[in-house]
>>> print(open('target_16.csv').read())   # CSV, C-alpha atoms
chain,number,residue,atom,x,y,z
A,1,MET,CA,85.0,130.4,72.8
A,2,ARG,CA,82.5,132.3,74.9
A,3,PRO,CA,83.6,133.2,78.5
A,4,GLN,CA,82.5,130.4,80.8
A,5,LEU,CA,83.3,128.5,84.0
A,6,THR,CA,84.6,125.0,83.4
A,7,ILE,CA,84.0,122.3,86.0
A,8,ASN,CA,86.3,119.3,86.4
A,9,LYS,CA,85.2,116.5,88.7
A,10,LEU,CA,88.1,115.4,90.9
A,11,GLN,CA,89.0,111.7,91.2
A,12,GLY,CA,91.1,110.0,93.8
A,13,THR,CA,90.9,112.7,96.5
A,14,LEU,CA,89.2,110.4,99.1
A,15,GLY,CA,92.3,108.2,99.3
A,16,ARG,CA,90.4,105.1,98.3
A,17,ARG,CA,92.5,102.3,96.8
A,18,GLU,CA,91.5,99.4,94.6
A,19,PRO,CA,90.6,96.7,97.1
A,20,SER,CA,92.8,93.6,97.1
A,21,ALA,CA,93.1,90.4,99.1
A,22,THR,CA,96.4,91.5,100.6
A,23,MET,CA,94.6,94.3,102.5
A,24,THR,CA,92.7,92.0,104.7
A,25,SER,CA,93.8,92.4,108.3
A,26,ALA,CA,92.9,91.3,111.8
A,27,ILE,CA,93.0,92.9,115.3
A,28,VAL,CA,92.1,91.6,118.8
A,29,MET,CA,92.1,94.1,121.7
A,30,ASN,CA,90.7,94.7,125.1
A,31,ALA,CA,87.4,96.6,125.1
A,32,VAL,CA,84.2,97.2,127.2
A,33,ALA,CA,81.0,95.6,125.9
A,34,ASN,CA,78.0,97.8,125.0
A,35,THR,CA,74.6,97.2,123.6
A,36,SER,CA,75.9,96.9,120.1
A,37,MET,CA,79.1,95.0,120.7
A,38,GLU,CA,79.7,91.7,122.5
A,39,LEU,CA,83.1,90.5,123.8
A,40,ASN,CA,84.7,87.5,122.2
A,41,LYS,CA,82.7,87.8,119.1
A,42,VAL,CA,84.3,88.1,115.6
A,43,TYR,CA,83.2,91.1,113.6
A,44,GLU,CA,83.9,91.7,109.9
A,45,LEU,CA,84.4,95.5,109.3
A,46,ASN,CA,84.5,96.9,105.8
A,47,SER,CA,84.2,100.6,106.6
A,48,LEU,CA,84.3,103.2,109.4
A,49,GLN,CA,80.5,103.1,109.4
A,50,ASP,CA,80.7,99.4,110.3
A,51,VAL,CA,82.9,100.4,113.3
A,52,GLU,CA,80.4,103.1,114.4
A,53,LEU,CA,77.5,100.6,114.2
A,54,LEU,CA,79.3,98.8,117.1
A,55,GLY,CA,78.7,101.8,119.2
A,56,LEU,CA,82.3,102.9,119.0
A,57,SER,CA,83.4,106.5,118.9
A,58,ASP,CA,85.8,109.0,120.4
A,59,GLN,CA,83.4,109.3,123.3
A,60,TYR,CA,83.4,105.6,123.9
A,61,ASP,CA,87.2,105.7,124.1
A,62,THR,CA,87.1,108.7,126.5
A,63,ASP,CA,84.4,107.1,128.7
A,64,ASN,CA,86.3,103.8,129.0
A,65,THR,CA,89.9,105.2,128.8
A,66,VAL,CA,90.7,102.8,125.9
A,67,LEU,CA,92.1,103.1,122.4
A,68,VAL,CA,89.5,100.9,120.6
A,69,TYR,CA,87.8,103.4,118.3
A,70,HIS,CA,91.2,105.2,117.9
A,71,ARG,CA,92.9,102.1,116.5
A,72,LEU,CA,90.1,101.1,114.2
A,73,TYR,CA,89.7,104.7,113.0
A,74,ARG,CA,93.4,104.8,112.1
A,75,LEU,CA,93.1,101.7,110.1
A,76,PHE,CA,90.2,103.0,108.0
A,77,THR,CA,91.6,106.5,107.7
A,78,TRP,CA,94.9,105.3,106.3
A,79,ASN,CA,93.3,102.7,104.0
A,80,PRO,CA,89.5,103.2,103.4
A,81,SER,CA,89.5,99.9,101.4
A,82,ILE,CA,90.9,97.7,104.1
A,83,LYS,CA,88.9,94.8,105.5
A,84,VAL,CA,89.3,94.2,109.2
A,85,TRP,CA,88.4,91.1,111.2
A,86,PHE,CA,87.9,92.4,114.8
A,87,MET,CA,87.4,90.7,118.2
A,88,PRO,CA,86.9,92.8,121.4
A,89,VAL,CA,87.9,90.9,124.5
A,90,SER,CA,87.8,91.5,128.3
A,91,GLN,CA,90.3,93.8,129.8
A,92,THR,CA,91.5,91.0,132.0
A,93,VAL,CA,93.0,89.2,129.0
A,94,THR,CA,96.7,89.7,128.4
A,95,MET,CA,98.2,90.2,125.0
A,96,ALA,CA,100.1,86.9,125.4
A,97,ASP,CA,96.7,85.2,126.0
A,98,MET,CA,95.3,86.9,122.9
A,99,TRP,CA,98.1,85.4,120.8
A,100,ASP,CA,98.0,82.0,122.3
A,101,LYS,CA,97.2,79.4,119.6
A,102,ASP,CA,95.3,77.3,122.2
A,103,ASN,CA,93.0,80.2,123.2
A,104,GLU,CA,89.9,81.4,121.3
A,105,TYR,CA,91.1,84.9,120.6
A,106,MET,CA,93.3,85.6,117.6
A,107,ALA,CA,93.3,81.9,116.7
A,108,LYS,CA,89.6,82.0,116.4
A,109,VAL,CA,89.6,85.2,114.3
A,110,LEU,CA,92.1,83.7,111.8
A,111,ARG,CA,90.1,80.5,111.7
A,112,ASN,CA,86.8,82.3,111.1
A,113,ALA,CA,88.4,84.5,108.4
A,114,ASN,CA,89.3,81.2,106.6
A,115,GLY,CA,92.7,82.2,105.4
A,116,GLU,CA,91.9,85.7,104.2
A,117,VAL,CA,94.0,87.6,106.8
A,118,ARG,CA,97.4,88.7,105.6
A,119,GLN,CA,98.5,90.7,108.7
A,120,ALA,CA,97.3,90.6,112.2
A,121,THR,CA,97.9,92.4,115.6
A,122,CYS,CA,96.8,92.3,119.2
A,123,ALA,CA,96.6,95.4,121.3
A,124,LEU,CA,96.4,96.0,125.0
A,125,ASN,CA,93.9,98.5,126.5
A,126,PRO,CA,94.6,98.0,130.2
A,127,VAL,CA,92.4,98.7,133.2
A,128,ASP,CA,93.1,101.7,135.4
A,129,GLY,CA,96.0,101.1,137.6
A,130,TYR,CA,97.8,98.8,135.2
A,131,SER,CA,101.5,98.6,135.9
A,132,ALA,CA,103.9,96.9,133.5
A,133,THR,CA,106.5,94.4,134.7
A,134,ILE,CA,109.6,95.4,132.7
A,135,VAL,CA,111.7,92.6,131.2
A,136,LYS,CA,114.5,93.5,128.7
A,137,GLY,CA,113.3,97.0,128.4
A,138,PHE,CA,109.6,96.2,127.6
A,139,ASP,CA,106.4,95.1,129.3
A,140,GLU,CA,106.9,91.4,130.0
A,141,ASP,CA,103.5,90.8,128.3
A,142,SER,CA,105.0,92.1,125.0
A,143,ILE,CA,108.1,89.9,125.3
A,144,ASP,CA,105.9,86.8,126.0
A,145,SER,CA,103.6,87.8,123.1
A,146,ILE,CA,106.4,87.6,120.5
A,147,LEU,CA,107.0,83.9,121.1
A,148,LYS,CA,103.2,83.3,121.3
A,149,ALA,CA,102.7,85.1,118.1
A,150,GLN,CA,105.3,83.0,116.3
A,151,GLU,CA,103.8,79.8,117.7
A,152,LEU,CA,100.4,80.9,116.3
A,153,ALA,CA,102.1,81.8,113.0
A,154,ASN,CA,103.6,78.3,112.8
A,155,HIS,CA,100.2,76.7,113.6
A,156,GLU,CA,98.5,78.8,111.0
A,157,PHE,CA,101.1,77.9,108.4
A,158,GLN,CA,100.2,74.3,108.9
A,159,LYS,CA,96.6,75.2,108.3
A,160,HIS,CA,97.6,77.1,105.1
A,161,ARG,CA,96.6,80.5,106.6
A,162,ASN,CA,99.9,82.3,106.3
A,163,THR,CA,99.9,85.5,108.3
A,164,LEU,CA,102.4,88.2,109.4
A,165,MET,CA,102.0,89.1,113.0
A,166,LEU,CA,102.6,92.6,114.6
A,167,VAL,CA,103.3,92.7,118.3
A,168,GLU,CA,102.7,95.8,120.4
A,169,CYS,CA,106.1,96.2,122.2
A,170,ARG,CA,104.8,98.3,125.1
A,171,SER,CA,106.4,100.4,127.8
A,172,PHE,CA,109.9,100.7,126.3
A,173,THR,CA,112.2,101.9,129.1
A,174,GLY,CA,114.0,104.3,126.9
A,175,THR,CA,117.5,102.8,127.1
A,176,ALA,CA,118.4,101.6,123.6
A,177,THR,CA,121.5,99.7,124.6
A,178,ALA,CA,119.7,97.7,127.3
A,179,SER,CA,116.6,97.0,125.1
A,180,GLU,CA,115.7,93.5,123.8
A,181,ASN,CA,117.6,92.6,120.6
A,182,PHE,CA,114.8,91.1,118.5
A,183,ARG,CA,117.4,90.1,115.9
A,184,ASP,CA,119.1,87.8,118.5
A,185,LEU,CA,116.3,85.9,120.2
A,186,THR,CA,116.9,82.4,121.4
A,187,THR,CA,113.9,81.4,119.2
A,188,GLU,CA,113.8,83.2,115.9
A,189,CYS,CA,110.4,84.7,115.1
A,190,PRO,CA,110.5,85.6,111.4
A,191,ASP,CA,106.7,86.0,111.1
A,192,VAL,CA,106.6,88.7,113.8
A,193,MET,CA,107.2,92.4,113.6
A,194,PRO,CA,108.1,94.1,116.9
A,195,ILE,CA,106.5,97.6,116.9
A,196,THR,CA,107.8,100.3,119.3
A,197,LEU,CA,106.5,103.2,117.3
A,198,ALA,CA,104.0,105.6,119.0
A,199,ASP,CA,102.2,108.8,118.2
A,200,ASN,CA,103.4,110.9,121.1
A,201,ASP,CA,100.3,113.1,121.1
A,202,ILE,CA,98.3,109.9,122.0
A,203,SER,CA,100.9,108.7,124.5
A,204,VAL,CA,100.6,111.9,126.6
A,205,LYS,CA,96.8,112.0,126.6
A,206,ASN,CA,96.4,109.6,129.6
A,207,ASP,CA,98.7,107.6,131.8
A,208,LEU,CA,97.1,104.4,130.6
A,209,TYR,CA,98.2,105.3,127.0
A,210,LYS,CA,101.8,106.1,127.9
A,211,GLY,CA,103.1,102.6,127.1
A,212,TYR,CA,101.1,102.0,123.9
A,213,ALA,CA,102.6,101.2,120.5
A,214,ALA,CA,101.0,102.2,117.2
A,215,VAL,CA,100.5,98.7,115.8
A,216,GLU,CA,97.4,99.9,113.9
A,217,ASP,CA,99.3,102.5,111.9
A,218,VAL,CA,101.9,100.0,110.8
A,219,MET,CA,99.3,97.4,109.9
A,220,ALA,CA,97.4,100.0,107.8
A,221,PHE,CA,100.6,100.7,105.9
A,222,LEU,CA,101.2,97.0,105.3
A,223,SER,CA,97.6,96.7,104.1
A,224,PHE,CA,98.0,99.2,101.3
A,225,ALA,CA,101.7,98.5,100.4
A,226,SER,CA,102.5,96.1,97.7
A,227,VAL,CA,103.6,92.8,99.2
A,228,SER,CA,107.2,93.3,98.1
A,229,GLN,CA,107.3,97.0,99.1
A,230,ASN,CA,109.1,98.3,102.2
A,231,ILE,CA,106.7,100.4,104.3
A,232,GLY,CA,109.5,102.8,105.1
A,233,GLU,CA,109.9,104.0,101.5
A,234,HIS,CA,110.6,107.8,101.4
A,235,GLN,CA,107.5,108.4,99.3
A,236,PRO,CA,104.4,110.6,100.2
A,237,GLU,CA,102.1,107.6,100.7
A,238,PHE,CA,104.3,106.3,103.5
A,239,ASN,CA,104.6,109.6,105.3
A,240,LEU,CA,103.2,109.0,108.8
A,241,VAL,CA,102.4,112.7,109.2
A,242,ASN,CA,98.8,113.6,108.4
A,243,GLU,CA,98.3,117.3,109.1
A,244,PHE,CA,94.5,117.2,108.5
A,245,GLU,CA,93.9,114.3,110.9
A,246,ARG,CA,96.7,115.5,113.2
A,247,PHE,CA,98.4,112.1,113.0
A,248,PHE,CA,102.1,111.9,114.1
A,249,ILE,CA,102.6,115.6,114.5
A,250,LYS,CA,104.9,114.6,117.3
A,251,ALA,CA,106.3,111.0,117.0
A,252,GLY,CA,107.5,108.9,119.8
A,253,LEU,CA,108.2,105.5,121.2
A,254,SER,CA,106.3,103.3,123.5
A,255,SER,CA,108.3,104.8,126.3
A,256,GLY,CA,105.8,107.7,126.2
A,257,LYS,CA,108.6,110.0,125.1
A,258,PRO,CA,108.9,111.9,121.8
A,259,ILE,CA,111.7,110.9,119.5
A,260,THR,CA,113.4,114.3,120.0
A,261,GLU,CA,114.6,112.9,123.4
A,262,TYR,CA,116.6,110.2,121.7
A,263,THR,CA,120.0,110.5,119.9
A,264,ASP,CA,121.1,109.3,116.6
A,265,SER,CA,123.1,106.6,118.4
A,266,ASP,CA,119.9,105.4,120.1
A,267,PHE,CA,118.2,105.1,116.8
A,268,ASP,CA,121.2,103.2,115.3
A,269,VAL,CA,121.0,100.7,118.2
A,270,LEU,CA,117.2,100.3,118.0
A,271,ASN,CA,117.4,99.7,114.3
A,272,GLU,CA,120.2,97.2,114.7
A,273,HIS,CA,118.1,95.4,117.4
A,274,GLY,CA,115.1,95.1,114.9
A,275,HIS,CA,112.7,97.6,116.5
A,276,VAL,CA,110.1,99.1,114.2
A,277,PHE,CA,109.9,102.8,114.8
A,278,ALA,CA,109.9,106.1,112.9
A,279,THR,CA,112.2,109.0,112.5
A,280,THR,CA,112.5,112.2,110.4
A,281,VAL,CA,114.8,112.2,107.4
A,282,ASN,CA,117.0,115.1,106.5
A,283,GLY,CA,115.9,116.6,103.2
A,284,ILE,CA,112.4,115.1,103.2
A,285,THR,CA,109.4,116.6,104.9
A,286,GLY,CA,107.6,114.1,107.2
A,287,LEU,CA,108.1,111.0,109.3
A,288,PHE,CA,109.0,107.6,108.0
A,289,ILE,CA,109.2,104.1,109.4
A,290,VAL,CA,112.9,103.3,109.8
A,291,ASP,CA,112.6,99.7,108.4
A,292,SER,CA,110.3,96.7,108.2
A,293,HIS,CA,112.1,94.5,110.7
A,294,THR,CA,111.0,91.0,111.8
A,295,ALA,CA,112.3,89.2,114.9
A,296,ALA,CA,114.7,87.1,112.9
A,297,LYS,CA,118.4,87.2,112.4
A,298,ILE,CA,119.6,89.7,109.8
A,299,SER,CA,121.0,86.8,107.8
A,300,SER,CA,117.5,85.2,107.5
A,301,ASP,CA,115.7,85.2,104.1
A,302,TYR,CA,112.8,86.5,106.2
A,303,ALA,CA,114.5,89.3,108.0
A,304,TYR,CA,112.0,91.9,106.7
A,305,ALA,CA,108.2,92.0,106.4
A,306,GLU,CA,108.3,92.3,102.6
A,307,ASN,CA,110.2,89.0,102.4
A,308,VAL,CA,107.6,87.3,104.6
A,309,ARG,CA,104.7,88.8,102.7
A,310,SER,CA,106.2,87.9,99.3
A,311,ILE,CA,106.8,84.3,100.2
A,312,ASN,CA,103.4,84.0,101.7
A,313,GLU,CA,101.8,85.1,98.5
A,314,MET,CA,104.0,82.8,96.5
A,315,ILE,CA,102.9,79.9,98.7
A,316,ARG,CA,99.2,80.9,98.3
A,317,ALA,CA,99.5,81.0,94.5
A,318,GLY,CA,101.5,77.8,94.2
A,319,ARG,CA,99.2,75.9,96.5
A,320,ALA,CA,96.1,77.1,94.6
A,321,ALA,CA,97.7,75.8,91.4
A,322,LEU,CA,98.5,72.4,92.8
A,323,LEU,CA,95.4,71.7,94.9
A,324,PRO,CA,93.3,70.5,91.9
A,325,ARG,CA,96.1,67.9,91.3
A,326,VAL,CA,95.9,66.3,94.8
A,327,LYS,CA,94.7,62.7,94.4
A,328,GLY,CA,94.9,63.1,90.6
A,329,ARG,CA,96.4,60.6,88.3
A,330,ILE,CA,100.1,61.0,87.3
A,331,ALA,CA,101.4,59.2,84.3
A,332,VAL,CA,104.5,57.1,84.6
A,333,ASP,CA,106.8,55.5,82.0
A,334,PRO,CA,105.6,51.8,81.9
A,335,SER,CA,109.1,50.5,81.4
A,336,THR,CA,111.0,52.6,84.0
A,337,GLY,CA,108.4,53.7,86.5
A,338,LYS,CA,109.7,57.2,86.2
A,339,ILE,CA,107.2,60.1,86.0
A,340,ASP,CA,106.3,60.7,82.4
A,341,SER,CA,108.3,63.6,80.9
A,342,ASN,CA,105.3,65.3,79.4
A,343,GLN,CA,103.5,65.1,82.7
A,344,ILE,CA,106.5,66.8,84.4
A,345,LYS,CA,106.7,69.6,81.8
A,346,GLU,CA,103.0,70.3,82.2
A,347,LEU,CA,103.1,70.4,86.0
A,348,GLU,CA,106.2,72.6,86.0
A,349,ALA,CA,104.5,75.0,83.6
A,350,VAL,CA,101.4,75.1,85.9
A,351,LEU,CA,103.7,76.0,88.9
A,352,VAL,CA,105.6,78.7,87.0
A,353,ALA,CA,102.3,80.2,85.7
A,354,SER,CA,101.0,80.4,89.2
A,355,GLN,CA,103.4,83.2,89.9
A,356,ASP,CA,102.5,85.3,86.9
A,357,GLU,CA,100.4,87.8,88.8
A,358,LEU,CA,103.2,88.4,91.3
A,359,VAL,CA,105.6,89.1,88.4
A,360,ARG,CA,103.1,91.4,86.7
A,361,ASN,CA,102.6,93.3,89.9
A,362,ALA,CA,106.4,93.6,90.3
A,363,ASP,CA,106.3,91.7,93.6
A,364,LEU,CA,108.8,89.3,92.1
A,365,SER,CA,111.7,90.3,89.8
A,366,GLY,CA,111.1,87.2,87.8
A,367,GLY,CA,113.2,84.1,87.4
A,368,VAL,CA,110.4,81.8,88.3
A,369,ASP,CA,111.5,78.2,87.9
A,370,ALA,CA,109.9,74.9,88.8
A,371,TYR,CA,111.6,71.5,89.0
A,372,ILE,CA,110.2,68.0,89.5
A,373,ASN,CA,112.7,65.1,89.8
A,374,PRO,CA,111.6,62.4,87.3
A,375,ASP,CA,113.4,59.7,89.3
A,376,GLN,CA,110.9,59.9,92.2
A,377,ASP,CA,109.4,56.5,93.0
A,378,ILE,CA,105.8,57.8,93.1
A,379,LEU,CA,104.4,54.4,92.5
A,380,ALA,CA,105.8,53.3,95.9
A,381,THR,CA,105.2,56.5,97.9
A,382,SER,CA,102.3,58.2,96.2
A,383,GLU,CA,104.2,61.4,97.1
A,384,LEU,CA,105.1,64.0,94.4
A,385,LEU,CA,108.0,66.3,95.4
A,386,THR,CA,108.0,69.7,93.6
A,387,GLN,CA,110.2,72.8,93.8
A,388,LEU,CA,109.3,76.4,93.0
A,389,VAL,CA,111.8,79.3,93.2
A,390,ALA,CA,111.7,82.9,92.0
A,391,VAL,CA,113.9,86.0,92.2
A,392,PRO,CA,112.5,88.5,94.7
A,393,GLN,CA,112.5,92.3,94.5
A,394,ALA,CA,115.6,93.8,96.2
A,395,ILE,CA,115.4,96.8,98.6
A,396,GLY,CA,118.0,99.5,98.3
A,397,ARG,CA,118.5,100.1,102.0
A,398,GLN,CA,121.9,101.8,101.5
A,399,ILE,CA,122.5,103.9,98.4
A,400,LYS,CA,125.9,105.6,97.9
A,401,LEU,CA,126.4,108.6,95.7
A,402,ASN,CA,129.9,109.5,94.6
A,403,ILE,CA,129.8,113.2,93.8
A,404,GLY,CA,132.4,116.0,93.2
A,405,PHE,CA,133.5,118.7,90.8
A,406,ASN,CA,134.8,118.3,87.2
A,407,ASN,CA,137.2,120.6,85.5
A,408,PRO,CA,136.8,120.4,81.7
A,409,LYS,CA,140.3,121.8,81.2
A,410,ASN,CA,141.8,118.6,82.8
A,411,ALA,CA,140.3,116.6,79.9
A,412,SER,CA,142.3,118.6,77.2
>>> encode(input="target_16.csv", output="structure tokens")
Amino acid sequence: MRPQLTINKLQGTLGRREPSATMTSAIVMNAVANTSMELNKVYELNSLQDVELLGLSDQYDTDNTVLVYHRLYRLFTWNPSIKVWFMPVSQTVTMADMWDKDNEYMAKVLRNANGEVRQATCALNPVDGYSATIVKGFDEDSIDSILKAQELANHEFQKHRNTLMLVECRSFTGTATASENFRDLTTECPDVMPITLADNDISVKNDLYKGYAAVEDVMAFLSFASVSQNIGEHQPEFNLVNEFERFFIKAGLSSGKPITEYTDSDFDVLNEHGHVFATTVNGITGLFIVDSHTAAKISSDYAYAENVRSINEMIRAGRAALLPRVKGRIAVDPSTGKIDSNQIKELEAVLVASQDELVRNADLSGGVDAYINPDQDILATSELLTQLVAVPQAIGRQIKLNIGFNNPKNAS
């Protein structure tokens, strides 16, 4: 072959992922209106260009001392294929108000998105002079927001718009043992993730940013992770450090302090209390989310985000399979009044098949099974009770390795 220069066109270097429904996310946050962006209006954003068409930029953030462009930029940088439903609101609106199911903030966004949103967050961009009232180690607004977010999740569940909520747990006082134990709340909040993670280089840029938590980074990771995947996996795609973008060069908590000021004992307590934060891992370069906690008891089936996301997708698929059957005819045995056995087999097969995609994508281990009791008196009640179960994916949170030396001579 003659001497030549061979060109290979690279593929995949932009970080784009195949778009999927589970990437769809929502964010409500305080902002300052401009000629291109109205407050209380819902915007559908599909790219960073869409963000910039709203007149948002680094300069906008600097001029208004907010983290609006910053948060949206992070979402689209981590996942260029994400779809974001965004509402800017007045800086007088609290996070608890944004989450309130009876207010036209996040509730309106989720309603307008018509069930598309899989994960949602509200973020505070306070006015100059804002001072947090500390309750149980956090801004009281954050504590109130957790309950409000769960109330909204419950309301959305009834409307068949299942959504995982991420709450910005701001202004952590820095005392791990005195912090709120999200695993032991009076009211369990299994659809809520309490985020205390922060990028410390952002925290120290301005006093108004000191108490922020990086809900946008966590939500971006959720958007590109498989629904059964733990976003703290020790894999390159879940490394928070991005040298090129200068993301998380120095990690911290919403106390405004870097993680280097905390001890291993502090991290153990925070993890036990269900805080979502990040630490370094000996033997691996980078920074990883410690775990995907929700504000539920550790014994709950929904103690981790991947449990919530998996069941939400099971529900969506199962509901889609049964919806065409609502108000449909169901055959019964003319002599017993029981549901016809062939009808039962067919309906059970439809339910099992509804989960095929989740099994193919390894978001369920398998073991999908449906059951319909033939003894139901459907002629009297017009109500059909069905049951669908599956075996989820397990997460190896603790792996033990027994290791030592072997002397071949001992075997002789």
>>> closest_residue(input="target_16.csv", among="A:Ser265, A:Asn125, A:Asn271, A:Gln398", to="A:Leu67", atoms="all atoms listed in the file")
A:Asn125
>>> closest_residue(input="target_16.csv", among="A:Glu272, A:Asp333, A:Asp144, A:Asp207", to="A:Pro126", atoms="only C-alpha atoms")
A:Asp207
>>> closest_residue(input="target_16.csv", among="A:Asn162, A:Asn373, A:Ser203, A:Gln387", to="A:Gln119", atoms="only C-alpha atoms")
A:Asn162
>>> closest_residue(input="target_16.csv", among="A:Pro324, A:Gly367, A:Pro408, A:Pro19", to="A:Ser226", atoms="all atoms listed in the file")
A:Pro19
>>> closest_residue(input="target_16.csv", among="A:Ala296, A:Phe244, A:Gly55, A:Gln158", to="A:Thr77", atoms="all atoms listed in the file")
A:Phe244
>>> closest_residue(input="target_16.csv", among="A:Arg74, A:Ser47, A:Val93, A:Ser310", to="A:Val218", atoms="all atoms listed in the file")
A:Arg74
>>> residues_around(input="target_16.csv", residues="A:Leu347", least_positions_apart="3", cutoff="9 Å", atoms="all atoms listed in the file", output="list in words")
Leu322, Asn342, Gln343, Ile344, Val350, Leu351, Val352, Ala370 and Ile372 of chain A
>>> residues_around(input="target_16.csv", residues="A:Arg111", least_positions_apart="4", cutoff="12 Å", atoms="all atoms listed in the file", output="count of residues only")
21
>>> atom_distance(input="target_16.csv", atom1="atom CA of A:Met87", atom2="atom CA of A:Tyr43")
6.2 Å
>>> residues_around(input="target_16.csv", residues="A:Ala214", least_positions_apart="4", cutoff="9 Å", atoms="all atoms listed in the file", output="PDB file with C-alpha atoms, in the frame of the given file")
ATOM      1  CA  ARG A  71      92.900 102.100 116.500  1.00  0.00           C
ATOM      2  CA  GLU A 168     102.700  95.800 120.400  1.00  0.00           C
ATOM      3  CA  ILE A 195     106.500  97.600 116.900  1.00  0.00           C
ATOM      4  CA  THR A 196     107.800 100.300 119.300  1.00  0.00           C
ATOM      5  CA  LEU A 197     106.500 103.200 117.300  1.00  0.00           C
ATOM      6  CA  ALA A 198     104.000 105.600 119.000  1.00  0.00           C
ATOM      7  CA  ASP A 199     102.200 108.800 118.200  1.00  0.00           C
ATOM      8  CA  VAL A 218     101.900 100.000 110.800  1.00  0.00           C
ATOM      9  CA  MET A 219      99.300  97.400 109.900  1.00  0.00           C
ATOM     10  CA  LEU A 253     108.200 105.500 121.200  1.00  0.00           C
ATOM     11  CA  SER A 254     106.300 103.300 123.500  1.00  0.00           C
TER      12      SER A 254
END
>>> residues_around(input="target_16.csv", residues="A:Asp363", least_positions_apart="6", cutoff="8 Å", atoms="all atoms listed in the file", output="PyMOL selection string")
chain A and resi 226-229+310+392-393
>>> atom_distance(input="target_16.csv", atom1="atom CA of A:Glu151", atom2="atom CA of A:Asn40")
21.1 Å
>>> atom_distance(input="target_16.csv", atom1="atom CA of A:Asp63", atom2="atom CA of A:Ile134")
28.1 Å
>>> residues_around(input="target_16.csv", residues="stretch 220-224 of chain A", least_positions_apart="3", cutoff="8 Å", atoms="all atoms listed in the file", output="PyMOL selection string")
chain A and resi 17+22-25+74-76+78-79+82+119+216-217+227+231+238
>>> write_last_selection(input="target_16.csv", atoms="C-alpha atoms", output="mmCIF file, in the frame of the given file")
data_model
loop_
_atom_site.group_PDB
_atom_site.id
_atom_site.type_symbol
_atom_site.label_atom_id
_atom_site.label_comp_id
_atom_site.auth_asym_id
_atom_site.auth_seq_id
_atom_site.Cartn_x
_atom_site.Cartn_y
_atom_site.Cartn_z
ATOM 1 C CA ARG A 17 92.500 102.300 96.800
ATOM 2 C CA THR A 22 96.400 91.500 100.600
ATOM 3 C CA MET A 23 94.600 94.300 102.500
ATOM 4 C CA THR A 24 92.700 92.000 104.700
ATOM 5 C CA SER A 25 93.800 92.400 108.300
ATOM 6 C CA ARG A 74 93.400 104.800 112.100
ATOM 7 C CA LEU A 75 93.100 101.700 110.100
ATOM 8 C CA PHE A 76 90.200 103.000 108.000
ATOM 9 C CA TRP A 78 94.900 105.300 106.300
ATOM 10 C CA ASN A 79 93.300 102.700 104.000
ATOM 11 C CA ILE A 82 90.900 97.700 104.100
ATOM 12 C CA GLN A 119 98.500 90.700 108.700
ATOM 13 C CA GLU A 216 97.400 99.900 113.900
ATOM 14 C CA ASP A 217 99.300 102.500 111.900
ATOM 15 C CA VAL A 227 103.600 92.800 99.200
ATOM 16 C CA ILE A 231 106.700 100.400 104.300
ATOM 17 C CA PHE A 238 104.300 106.300 103.500
#
